[in-house]
There are 2 protein chains.
Amino acid sequence: MMADALKVALAGLGTVGGGVIRLLDENRDLIARRAGRPIEVVAVSARDRSKDRGLDLSQLAWVDDTTQLAHADADVVVELVGGADGPALALARATLAAGKGFVTANKAMLAHHGLELGAAAEQAGVPLKFEAAVAGGIPVIKGLREGAAANAIGRVTGILNGTCNFILSRMEAESRDFADVLAEAQALGFAEADPSFDIDGVDAAHKLSILASIAFGTRPAFPNVQVSGIRHVLAADIAEAAALGYRVRLVGVAEAGAGGLFQRVHAHLVPADHPLAHVTGATNAVVAEGNYVGRLLFQGAGAGAGPTASAVVADLIDIARGEFGTAFAMPVDALAAAEPADSGERRGRAYLRFAVADRVGVLAEIAAAMRDAGVSIESLIQRGANPGGDVLVAIVTHEGPERCVASALERLRGSQSLTGEPLWMHILG
Amino acid sequence: MMADALKVALAGLGTVGGGVIRLLDENRDLIARRAGRPIEVVAVSARDRSKDRGLDLSQLAWVDDTTQLAHADADVVVELVGGADGPALALARATLAAGKGFVTANKAMLAHHGLELGAAAEQAGVPLKFEAAVAGGIPVIKGLREGAAANAIGRVTGILNGTCNFILSRMEAESRDFADVLAEAQALGFAEADPSFDIDGVDAAHKLSILASIAFGTRPAFPNVQVSGIRHVLAADIAEAAALGYRVRLVGVAEAGAGGLFQRVHAHLVPADHPLAHVTGATNAVVAEGNYVGRLLFQGAGAGAGPTASAVVADLIDIARGEFGTAFAMPVDALAAAEPADSGERRGRAYLRFAVADRVGVLAEIAAAMRDAGVSIESLIQRGANPGGDVLVAIVTHEGPERCVASALERLRGSQSLTGEPLWMHILG
C-alpha cells in the first residue's frame, strides 16, 4: 500500500512552473515508485488566471493572492515567482510560519534573505530546499551539501550563467563581437530583453554566494561578491587568449582562507585543459576542490523549463522520502560570519588589454606604469588597428599581488594614450 | 548541545580504511558541524593486528573475527575488505541482521548480492549505502538516486575504471602500445599486479550494473552485462580514431527500452566533443541522460584513498543526519526484473580493425564479407605494415544493426587472410 500523496501548492506558472506540472504528470508513476508516494500539485497561483498556458488546471485550486498559497491544503509550497523581495518573500515567510515546507528556484531571494529563511525553516522543523536556484538542473547544491560533505572545501569555481557562456562561446566560435552576439541571443531567447542581470554578473553572483555558504559553512554574503560581467570583452580578447592557450569564461570563484572569504564573478582566462574550458553554450558547470576528494565536476543544463523543473521535483522527492535537513548544510547558528578577504593580497596572473592611440610613446607609458607599480610582464602583444580604429595592446603578467595591477591601472587613469577603459581579466590558476 | 556521536565499526585497514580514519580525524570538527553530531570510529578489524599502518589505533576496540564487528558497540559498520563473497558478505549479512547500518565500497558484492542485502536492510529498517562502490569520490549514486530522481533516464554512460582510462590516455598521448603502458601503470601503482579485473572490464561491469539498477529501477543484473576490455587495442587504433575525430575510451553503457535492459562495457570511439572524450588519466565520469534534465555529467577521481574515503564518509554523514532511505532508489520489491536486450537489434556505427597478410585479394575478401552480411562501409583505411609486420585495415561502418557486423566477422572467421583476431569497437552515438 502506498503512503499518502505529498501535496504541493505552486506559485508561478511561467516556463518553469509549467515544466513542473508537465514533469509531475509525465513521470508520475516513476516518481511515485521512487519517492514511495505520489507527488501531486493541488493548488496554483499566478498573475493571470485566464491566460492559455496549454495546461489543464481544472483539477487544481486557484488562489488569487499568492501569499495565501501558504494556507492551501498542501504539505509544501513551490515558489517560482522570482524577485528578491515582494510576493516571493512574503510567500516564503508565510509558508514557513505556517509550518510547511518551501521549495524555490529564487537565487536572488536566497542571496538576500537566505539566512532569515533558513532560520525560520529550522524553527518550524520544515524543509527549505533550492536545488533549482543554482545551475538549473545540475544537483550541485546536493553535491556540495551531501556529496562533498566529508571534505574541507578549498575553492569552488563555476560557470553559473548560461547566457554569458552562450555569448562567450559564440563570440569564440565565430569571432564576433559582444553586441552582435547578444542581439542574436536575445532573438533566440537565450538572453532577456533587459540582459543586465545576466551579462553584468549579478545572477552568477547570487548563485555563487549560495554555493559559498554551503561549501564553507559561512553565512550567505552576496554584498561581498566582487562582480563584473562580460560587456567589455572583445572578440580580439578571446582570440588573444586562445593564442595563449586559454578560453574566456565568466567564472565565479569562492575561496575560504585565513584572510577571510573571497568571492568574485569576473571574466577569466581558463586554461584549455581545465574542465571549465570545455563548457560551451548555455551549459553550466561547478568544480569543487576538497581536501580528500580532489576536484569534483558537476555539469549540465543551467536553465530552461525541463532542467529547472527536474531540480524542483528532485527537492520534492527528497521531501516525500523524508530525506532532508538544514538548508545550508548545517544549522544557521553554526554558520560563520566570514570577513571578506582583501583581494589586493591575492596573488595571480592577469590579462590586461588596452585600447590605445596609434602614436609614439604609448607602449613606453604603459610599460612604465607597470614597472612603477611592481607588475612584472610575462608577454606583451600589440596588434594593428582593429576595425574600430583602435590599436590593442594585450599584456599577460607574471604572478603577483592584485593590488600591484590595480595600482598600475590607477597610474594610467586619464592618460591621453588610452582611448577606452582597460580590460582586466584574471587567469584561473 | 550536540547529539550523541555516530559510532562506526570499520572492517579493513588497507589504503581506503586508513584514509577513512585519517579523514574522520583531520576533518573532525567540520564533519560534526555538518552532520549535527560527531562521527567516531570505535572498533576495527583487519587481517594483521601487528602491522604498522601509521595509524593510532590504541583507542579503538580490535576485533579479530571480522564478522563479529556486527556485534561491536556501534551504529554502523563500514566494510572495506572487498571480495564478492567470503568475509565481506558474512559481515554484511550479520550487520543487517543485527539491525545496524552498513556502508561499503564493495562493488563486486553489490553486483552479485545487492538485491539480497537491499531487502535485508529494508526489513531491518537500517541504511545500506555504497557511494564509494562506483566511481570513487564522485557522488554519482546520490546523483542518480536523488539528483536526477525526477527523470526517466534514457541512458547512462560512464568511464568507470581509472586503470583503463589511465592506460588508454597514456597510449594516446605517447603513441605507445598496451603492454608497454600497462607495465608502467603497474610500476606507478595505477594497475594491480594481476590487472585482469580492471583491463578486462569486469570492475567497470560491476559498477555499471549498480548504476543501471538505480537509474532504471531494475534489479542489479551483472550477469547480463556484455563485457570486454582493452587488451587488444593498439596504438594504431587510437591513432586511426583520432584521425577520424574520436578518442578511444572504455565506456560502460546502460540503456532501458522496449527491448529490455542493455548493459555493455566495451572499448568505444567517443566523439571528441562528447564530455567523456575530455576525461583523461585515472579520472572517472558518468553521464546520465534524463527526459527533463538532459545530459548531466559527474566527474572526478575514481579511486585512491582520499576520494574513496570521501565517499564513505559522505554516506556516514547522511546516516548521522538521518537522511537516508532505500538503497536502490526504491524498495527492492518495486524493482523490475528487466530482460536483457538483444544487442543484435541495436543500431550503431562500428570501428573494425583487421590485421591482415600483405597479399593480393585480402581487401576484396573483407569487403565481400561486409557486403554479404549487409554492412555498409563508410570509410576504409589500409596503412603500410606496422612494426609487428602486419598490415592493418580499419573500417568505419555506416549505422546499422549490430547483428550484421557480427555476421560479417563470423564469415571471416578462420580466413587465411587474417593474421589475428579482428577488433570491434562501437562508436558512441
# chains A, B, ... in the order shown; residues from 1 in each chain; ligands from 1
call {"tool": "interface_residues", "arguments": {"of": "chain B", "to": "chain A", "cutoff": "7 Å", "atoms": "only C-alpha atoms", "output": "PyMOL selection string"}}
result
chain B and resi 27+31+33-34+137-139+143+146-152+292-301+306-307+310+313-314+323-324+329-330+334
call {"tool": "residues_around", "arguments": {"residues": "Gly18 in chain B", "least_positions_apart": "3", "cutoff": "8 Å", "atoms": "only C-alpha atoms", "output": "list in words"}}
result
Leu13, Gly14, Thr15, Ile21, Arg22, Arg53, Leu55 and Ala305 of chain B
call {"tool": "closest_residue", "arguments": {"among": "A:Ala408, A:Ala204, A:Val332, A:Ala320", "to": "Ala3 in chain A", "atoms": "only C-alpha atoms"}}
result
A:Ala320
call {"tool": "atom_distance", "arguments": {"atom1": "CA of Ala135 in chain B", "atom2": "CA of Asn161 in chain B"}}
result
7.6 Å
call {"tool": "residues_around", "arguments": {"residues": "Glu345 in chain B", "least_positions_apart": "5", "cutoff": "12 Å", "atoms": "only C-alpha atoms", "output": "count of residues only"}}
result
14
call {"tool": "residues_around", "arguments": {"residues": "range 421-425 of chain A", "least_positions_apart": "3", "cutoff": "8 Å", "atoms": "only C-alpha atoms", "output": "short mmCIF file (atom, residue, chain, number, x, y, z; two decimals) with all heavy atoms, in the first residue's frame"}}
result
data_model
loop_
_atom_site.label_atom_id
_atom_site.label_comp_id
_atom_site.auth_asym_id
_atom_site.auth_seq_id
_atom_site.Cartn_x
_atom_site.Cartn_y
_atom_site.Cartn_z
N HIS A 232 32.53 44.12 -21.79
CA HIS A 232 33.69 44.80 -22.36
C HIS A 232 34.69 43.82 -22.98
O HIS A 232 35.77 44.22 -23.39
CB HIS A 232 34.35 45.66 -21.29
CG HIS A 232 33.38 46.62 -20.69
ND1 HIS A 232 32.81 47.63 -21.42
CD2 HIS A 232 32.80 46.69 -19.46
CE1 HIS A 232 31.95 48.31 -20.67
NE2 HIS A 232 31.93 47.75 -19.46
N VAL A 233 34.31 42.55 -23.05
CA VAL A 233 35.18 41.57 -23.68
C VAL A 233 35.02 41.69 -25.20
O VAL A 233 33.90 41.69 -25.72
CB VAL A 233 34.82 40.14 -23.23
CG1 VAL A 233 35.69 39.11 -23.94
CG2 VAL A 233 34.96 40.01 -21.71
N HIS A 266 33.74 37.20 -12.48
CA HIS A 266 34.57 38.02 -13.34
C HIS A 266 34.89 37.20 -14.59
O HIS A 266 34.91 35.97 -14.55
CB HIS A 266 35.87 38.32 -12.58
CG HIS A 266 36.56 39.58 -13.00
ND1 HIS A 266 36.43 40.75 -12.31
CD2 HIS A 266 37.38 39.86 -14.05
CE1 HIS A 266 37.15 41.70 -12.90
NE2 HIS A 266 37.73 41.16 -13.97
N ALA A 267 35.16 37.89 -15.70
CA ALA A 267 35.65 37.18 -16.88
C ALA A 267 37.07 36.70 -16.59
O ALA A 267 37.89 37.48 -16.13
CB ALA A 267 35.63 38.09 -18.09
N HIS A 268 37.30 35.42 -16.82
CA HIS A 268 38.60 34.81 -16.54
C HIS A 268 39.18 34.18 -17.80
O HIS A 268 38.44 33.74 -18.68
CB HIS A 268 38.46 33.69 -15.50
CG HIS A 268 38.38 34.16 -14.08
ND1 HIS A 268 37.25 34.76 -13.56
CD2 HIS A 268 39.28 34.09 -13.05
CE1 HIS A 268 37.46 35.04 -12.28
NE2 HIS A 268 38.67 34.65 -11.95
N LEU A 269 40.48 34.08 -17.82
CA LEU A 269 41.13 33.22 -18.79
C LEU A 269 41.26 31.84 -18.14
O LEU A 269 41.90 31.70 -17.09
CB LEU A 269 42.51 33.76 -19.17
CG LEU A 269 42.54 34.68 -20.41
CD1 LEU A 269 41.68 35.91 -20.17
CD2 LEU A 269 43.97 35.09 -20.75
N ALA A 350 47.48 38.01 -14.53
CA ALA A 350 46.41 38.83 -15.09
C ALA A 350 46.58 39.01 -16.59
O ALA A 350 47.71 38.99 -17.11
CB ALA A 350 46.40 40.20 -14.42
N TYR A 351 45.46 39.15 -17.28
CA TYR A 351 45.43 39.58 -18.68
C TYR A 351 44.92 41.01 -18.67
O TYR A 351 43.87 41.29 -18.11
CB TYR A 351 44.48 38.67 -19.45
CG TYR A 351 44.15 39.14 -20.86
CD1 TYR A 351 44.86 38.64 -21.96
CD2 TYR A 351 43.13 40.05 -21.10
CE1 TYR A 351 44.55 39.06 -23.26
CE2 TYR A 351 42.81 40.47 -22.39
CZ TYR A 351 43.54 39.97 -23.46
OH TYR A 351 43.22 40.39 -24.74
N LEU A 352 45.69 41.91 -19.26
CA LEU A 352 45.28 43.31 -19.32
C LEU A 352 45.25 43.72 -20.79
O LEU A 352 46.18 43.42 -21.54
CB LEU A 352 46.30 44.18 -18.58
CG LEU A 352 46.50 43.84 -17.10
CD1 LEU A 352 47.72 44.57 -16.55
CD2 LEU A 352 45.25 44.21 -16.32
N ARG A 353 44.20 44.40 -21.17
CA ARG A 353 44.14 44.84 -22.57
C ARG A 353 43.81 46.32 -22.61
O ARG A 353 42.87 46.77 -21.96
CB ARG A 353 43.11 44.02 -23.35
CG ARG A 353 43.06 44.38 -24.82
CD ARG A 353 41.95 45.33 -25.12
NE ARG A 353 40.65 44.75 -24.81
CZ ARG A 353 39.60 45.46 -24.46
NH1 ARG A 353 39.69 46.77 -24.33
NH2 ARG A 353 38.45 44.88 -24.20
N PHE A 354 44.61 47.03 -23.38
CA PHE A 354 44.44 48.47 -23.52
C PHE A 354 44.09 48.80 -24.96
O PHE A 354 44.67 48.25 -25.89
CB PHE A 354 45.75 49.20 -23.17
CG PHE A 354 46.24 48.89 -21.79
CD1 PHE A 354 47.11 47.82 -21.56
CD2 PHE A 354 45.83 49.65 -20.70
CE1 PHE A 354 47.56 47.53 -20.29
CE2 PHE A 354 46.28 49.36 -19.43
CZ PHE A 354 47.14 48.30 -19.22
N ALA A 355 43.12 49.70 -25.14
CA ALA A 355 42.89 50.29 -26.45
C ALA A 355 43.63 51.62 -26.44
O ALA A 355 43.41 52.45 -25.56
CB ALA A 355 41.39 50.50 -26.67
N LEU A 409 46.95 50.26 -13.10
CA LEU A 409 45.81 50.81 -13.86
C LEU A 409 45.46 52.20 -13.33
O LEU A 409 45.07 53.08 -14.10
CB LEU A 409 44.61 49.86 -13.76
CG LEU A 409 44.81 48.49 -14.42
CD1 LEU A 409 43.56 47.63 -14.27
CD2 LEU A 409 45.17 48.63 -15.90
N LEU A 418 45.31 56.37 -23.79
CA LEU A 418 44.27 55.33 -23.80
C LEU A 418 43.00 55.88 -24.44
O LEU A 418 42.57 56.98 -24.10
CB LEU A 418 43.96 54.85 -22.38
CG LEU A 418 45.14 54.34 -21.55
CD1 LEU A 418 44.62 53.67 -20.28
CD2 LEU A 418 45.99 53.36 -22.34
#
call {"tool": "closest_residue", "arguments": {"among": "A:Arg411, A:Arg346, A:Arg219, A:Lys7", "to": "Val41 in chain A", "atoms": "only C-alpha atoms"}}
result
A:Lys7
call {"tool": "residues_around", "arguments": {"residues": "Gln123 in chain A", "least_positions_apart": "3", "cutoff": "12 Å", "atoms": "only C-alpha atoms", "output": "PyMOL selection string"}}
result
chain A and resi 96-101+116-120+126-128+326+331-333
call {"tool": "write_last_selection", "arguments": {"atoms": "N, CA and C atoms", "output": "PDB file, in the first residue's frame"}}
result
ATOM      1  N   LEU A  96       6.653  29.211   5.736  1.00  0.00           N
ATOM      2  CA  LEU A  96       7.446  28.660   6.833  1.00  0.00           C
ATOM      3  C   LEU A  96       6.768  28.918   8.173  1.00  0.00           C
ATOM      4  N   ALA A  97       6.156  30.106   8.289  1.00  0.00           N
ATOM      5  CA  ALA A  97       5.436  30.408   9.539  1.00  0.00           C
ATOM      6  C   ALA A  97       4.259  29.460   9.729  1.00  0.00           C
ATOM      7  N   ALA A  98       3.677  29.011   8.613  1.00  0.00           N
ATOM      8  CA  ALA A  98       2.556  28.076   8.684  1.00  0.00           C
ATOM      9  C   ALA A  98       3.026  26.638   8.894  1.00  0.00           C
ATOM     10  N   GLY A  99       4.345  26.439   9.004  1.00  0.00           N
ATOM     11  CA  GLY A  99       4.882  25.109   9.289  1.00  0.00           C
ATOM     12  C   GLY A  99       4.856  24.172   8.099  1.00  0.00           C
ATOM     13  N   LYS A 100       4.988  24.766   6.890  1.00  0.00           N
ATOM     14  CA  LYS A 100       5.029  23.919   5.698  1.00  0.00           C
ATOM     15  C   LYS A 100       6.389  24.028   5.020  1.00  0.00           C
ATOM     16  N   GLY A 101       6.720  23.010   4.260  1.00  0.00           N
ATOM     17  CA  GLY A 101       7.969  23.022   3.522  1.00  0.00           C
ATOM     18  C   GLY A 101       7.945  24.035   2.396  1.00  0.00           C
ATOM     19  N   GLU A 116      17.675  34.376   6.971  1.00  0.00           N
ATOM     20  CA  GLU A 116      16.387  34.527   7.669  1.00  0.00           C
ATOM     21  C   GLU A 116      15.474  33.332   7.371  1.00  0.00           C
ATOM     22  N   LEU A 117      15.407  32.950   6.107  1.00  0.00           N
ATOM     23  CA  LEU A 117      14.500  31.856   5.738  1.00  0.00           C
ATOM     24  C   LEU A 117      15.007  30.522   6.292  1.00  0.00           C
ATOM     25  N   GLY A 118      16.314  30.333   6.266  1.00  0.00           N
ATOM     26  CA  GLY A 118      16.883  29.115   6.832  1.00  0.00           C
ATOM     27  C   GLY A 118      16.554  28.991   8.318  1.00  0.00           C
ATOM     28  N   ALA A 119      16.672  30.104   9.034  1.00  0.00           N
ATOM     29  CA  ALA A 119      16.362  30.091  10.467  1.00  0.00           C
ATOM     30  C   ALA A 119      14.878  29.800  10.687  1.00  0.00           C
ATOM     31  N   ALA A 120      14.023  30.394   9.858  1.00  0.00           N
ATOM     32  CA  ALA A 120      12.576  30.166  10.007  1.00  0.00           C
ATOM     33  C   ALA A 120      12.231  28.702   9.742  1.00  0.00           C
ATOM     34  N   VAL A 126      10.741  22.375   9.273  1.00  0.00           N
ATOM     35  CA  VAL A 126      10.278  22.001   7.923  1.00  0.00           C
ATOM     36  C   VAL A 126      11.408  22.209   6.922  1.00  0.00           C
ATOM     37  N   PRO A 127      11.316  21.535   5.786  1.00  0.00           N
ATOM     38  CA  PRO A 127      12.373  21.682   4.776  1.00  0.00           C
ATOM     39  C   PRO A 127      12.319  23.025   4.043  1.00  0.00           C
ATOM     40  N   LEU A 128      13.505  23.578   3.769  1.00  0.00           N
ATOM     41  CA  LEU A 128      13.682  24.694   2.842  1.00  0.00           C
ATOM     42  C   LEU A 128      14.687  24.205   1.815  1.00  0.00           C
ATOM     43  N   THR A 326      18.897  20.577   7.378  1.00  0.00           N
ATOM     44  CA  THR A 326      19.073  22.030   7.346  1.00  0.00           C
ATOM     45  C   THR A 326      19.440  22.496   5.946  1.00  0.00           C
ATOM     46  N   PRO A 331      23.133  23.930  10.755  1.00  0.00           N
ATOM     47  CA  PRO A 331      22.182  24.898  11.298  1.00  0.00           C
ATOM     48  C   PRO A 331      22.677  26.324  11.099  1.00  0.00           C
ATOM     49  N   VAL A 332      21.742  27.231  10.873  1.00  0.00           N
ATOM     50  CA  VAL A 332      22.076  28.631  10.640  1.00  0.00           C
ATOM     51  C   VAL A 332      22.978  29.189  11.742  1.00  0.00           C
ATOM     52  N   ASP A 333      22.744  28.787  12.973  1.00  0.00           N
ATOM     53  CA  ASP A 333      23.565  29.275  14.081  1.00  0.00           C
ATOM     54  C   ASP A 333      25.012  28.816  13.989  1.00  0.00           C
TER      55      ASP A 333
END
call {"tool": "atom_distance", "arguments": {"atom1": "CA of Pro195 in chain A", "atom2": "CA of Ser228 in chain A"}}
result
13.7 Å
call {"tool": "select_by_dssp", "arguments": {"residues": "range 10-235 of chain B", "states": "alpha helix (DSSP H)", "output": "ChimeraX atom specification"}}
result
/B:15-26,28-35,86-97,107-124,140-142,162-174,178-188,196-199,202-216,235
call {"tool": "atom_distance", "arguments": {"atom1": "CA of Ala327 in chain B", "atom2": "CA of Lys129 in chain B"}}
result
6.1 Å
call {"tool": "select_by_dssp", "arguments": {"residues": "range 57-185 of chain B", "states": "strand (DSSP E or B)", "output": "tab-separated table (two decimals) with all heavy atoms, in the first residue's frame"}}
result
chain	number	residue	atom	x	y	z
B	61	ALA	N	38.59	-0.45	19.78
B	61	ALA	CA	38.47	-1.88	20.07
B	61	ALA	C	38.95	-2.66	18.85
B	61	ALA	O	38.60	-2.32	17.72
B	61	ALA	CB	37.01	-2.22	20.38
B	62	TRP	N	39.76	-3.66	19.05
B	62	TRP	CA	40.23	-4.51	17.96
B	62	TRP	C	39.42	-5.82	17.96
B	62	TRP	O	39.29	-6.46	19.00
B	62	TRP	CB	41.71	-4.83	18.09
B	62	TRP	CG	42.19	-5.69	16.95
B	62	TRP	CD1	42.10	-7.03	16.86
B	62	TRP	CD2	42.78	-5.23	15.74
B	62	TRP	NE1	42.60	-7.46	15.66
B	62	TRP	CE2	43.03	-6.37	14.94
B	62	TRP	CE3	43.13	-3.96	15.24
B	62	TRP	CZ2	43.61	-6.28	13.67
B	62	TRP	CZ3	43.72	-3.88	13.98
B	62	TRP	CH2	43.95	-5.03	13.21
B	76	VAL	N	26.89	1.75	12.99
B	76	VAL	CA	27.10	1.47	11.57
B	76	VAL	C	28.38	0.68	11.41
B	76	VAL	O	29.36	0.94	12.12
B	76	VAL	CB	27.28	2.78	10.76
B	76	VAL	CG1	27.35	2.49	9.27
B	76	VAL	CG2	26.18	3.78	11.06
B	77	VAL	N	28.38	-0.26	10.48
B	77	VAL	CA	29.60	-0.97	10.11
B	77	VAL	C	30.02	-0.52	8.71
B	77	VAL	O	29.20	-0.47	7.80
B	77	VAL	CB	29.40	-2.50	10.15
B	77	VAL	CG1	30.62	-3.22	9.58
B	77	VAL	CG2	29.12	-2.96	11.58
B	78	VAL	N	31.31	-0.19	8.58
B	78	VAL	CA	31.87	0.15	7.27
B	78	VAL	C	32.73	-1.02	6.80
B	78	VAL	O	33.65	-1.43	7.51
B	78	VAL	CB	32.73	1.43	7.34
B	78	VAL	CG1	33.45	1.67	6.02
B	78	VAL	CG2	31.86	2.64	7.71
B	79	GLU	N	32.43	-1.54	5.62
B	79	GLU	CA	33.16	-2.71	5.11
B	79	GLU	C	34.08	-2.29	3.97
B	79	GLU	O	33.62	-1.83	2.92
B	79	GLU	CB	32.15	-3.76	4.63
B	79	GLU	CG	32.78	-5.03	4.09
B	79	GLU	CD	33.07	-4.98	2.61
B	79	GLU	OE1	32.15	-4.64	1.82
B	79	GLU	OE2	34.22	-5.28	2.22
B	101	GLY	N	23.28	-0.19	10.53
B	101	GLY	CA	23.54	0.32	9.19
B	101	GLY	C	24.82	-0.26	8.61
B	101	GLY	O	25.72	-0.65	9.35
B	102	PHE	N	24.89	-0.28	7.28
B	102	PHE	CA	26.03	-0.89	6.61
B	102	PHE	C	26.46	0.01	5.45
B	102	PHE	O	25.65	0.37	4.60
B	102	PHE	CB	25.65	-2.28	6.09
B	102	PHE	CG	26.81	-3.11	5.61
B	102	PHE	CD1	27.69	-3.69	6.51
B	102	PHE	CD2	27.02	-3.31	4.25
B	102	PHE	CE1	28.76	-4.46	6.07
B	102	PHE	CE2	28.09	-4.08	3.80
B	102	PHE	CZ	28.96	-4.66	4.72
B	103	VAL	N	27.76	0.36	5.45
B	103	VAL	CA	28.32	1.19	4.38
B	103	VAL	C	29.46	0.42	3.75
B	103	VAL	O	30.31	-0.13	4.46
B	103	VAL	CB	28.83	2.53	4.96
B	103	VAL	CG1	29.59	3.33	3.90
B	103	VAL	CG2	27.66	3.36	5.51
B	104	THR	N	29.50	0.37	2.43
B	104	THR	CA	30.51	-0.42	1.77
B	104	THR	C	30.99	0.21	0.48
B	104	THR	O	30.27	1.00	-0.14
B	104	THR	CB	30.00	-1.85	1.48
B	104	THR	OG1	31.01	-2.60	0.80
B	104	THR	CG2	28.75	-1.83	0.61
B	128	LEU	N	21.59	1.01	4.02
B	128	LEU	CA	22.63	0.30	3.26
B	128	LEU	C	23.12	1.30	2.23
B	128	LEU	O	22.34	1.72	1.36
B	128	LEU	CB	22.04	-0.93	2.56
B	128	LEU	CG	22.93	-1.58	1.49
B	128	LEU	CD1	24.21	-2.15	2.08
B	128	LEU	CD2	22.15	-2.67	0.73
B	129	LYS	N	24.35	1.73	2.35
B	129	LYS	CA	24.85	2.77	1.45
B	129	LYS	C	26.18	2.39	0.83
B	129	LYS	O	26.98	1.70	1.45
B	129	LYS	CB	24.94	4.12	2.19
B	129	LYS	CG	23.55	4.66	2.57
B	129	LYS	CD	23.60	6.04	3.19
B	129	LYS	CE	24.02	7.11	2.22
B	129	LYS	NZ	23.01	7.53	1.25
B	153	ILE	N	15.30	8.08	-17.01
B	153	ILE	CA	16.66	8.09	-17.56
B	153	ILE	C	16.66	7.23	-18.82
B	153	ILE	O	16.23	6.08	-18.80
B	153	ILE	CB	17.67	7.52	-16.54
B	153	ILE	CG1	17.60	8.27	-15.21
B	153	ILE	CG2	19.08	7.57	-17.11
B	153	ILE	CD1	18.12	9.67	-15.23
B	154	GLY	N	17.15	7.79	-19.91
B	154	GLY	CA	17.21	7.04	-21.16
B	154	GLY	C	18.47	6.20	-21.25
B	154	GLY	O	18.45	5.05	-21.68
B	155	ARG	N	19.57	6.80	-20.82
B	155	ARG	CA	20.85	6.12	-20.96
B	155	ARG	C	21.82	6.62	-19.92
B	155	ARG	O	21.79	7.78	-19.54
B	155	ARG	CB	21.41	6.39	-22.37
B	155	ARG	CG	22.67	5.65	-22.68
B	155	ARG	CD	23.03	5.77	-24.16
B	155	ARG	NE	23.55	7.09	-24.48
B	155	ARG	CZ	24.32	7.37	-25.54
B	155	ARG	NH1	24.61	6.40	-26.42
B	155	ARG	NH2	24.75	8.57	-25.76
B	156	VAL	N	22.67	5.72	-19.45
B	156	VAL	CA	23.79	6.09	-18.60
B	156	VAL	C	25.06	5.63	-19.30
B	156	VAL	O	25.14	4.47	-19.74
B	156	VAL	CB	23.70	5.43	-17.21
B	156	VAL	CG1	24.94	5.72	-16.39
B	156	VAL	CG2	22.45	5.91	-16.47
B	157	THR	N	26.02	6.52	-19.44
B	157	THR	CA	27.32	6.13	-19.97
B	157	THR	C	28.39	6.56	-18.98
B	157	THR	O	28.22	7.56	-18.29
B	157	THR	CB	27.62	6.79	-21.33
B	157	THR	OG1	27.42	8.20	-21.21
B	157	THR	CG2	26.69	6.27	-22.41
B	158	GLY	N	29.47	5.81	-18.90
B	158	GLY	CA	30.47	6.21	-17.94
B	158	GLY	C	31.84	5.63	-18.19
B	158	GLY	O	31.99	4.55	-18.77
B	159	ILE	N	32.82	6.38	-17.76
B	159	ILE	CA	34.18	5.88	-17.66
B	159	ILE	C	34.35	5.48	-16.22
B	159	ILE	O	34.42	6.34	-15.33
B	159	ILE	CB	35.19	6.97	-18.10
B	159	ILE	CG1	35.03	7.19	-19.61
B	159	ILE	CG2	36.61	6.57	-17.74
B	159	ILE	CD1	35.89	8.30	-20.16
call {"tool": "closest_residue", "arguments": {"among": "B:Asp194, B:Asp177, B:Glu289, B:Glu378", "to": "Arg349 in chain B", "atoms": "only C-alpha atoms"}}
result
B:Glu378
call {"tool": "residues_around", "arguments": {"residues": "range 364-376 of chain B", "least_positions_apart": "2", "cutoff": "6 Å", "atoms": "only C-alpha atoms", "output": "ChimeraX atom specification"}}
result
/B:361-362,397-398,404,407-408
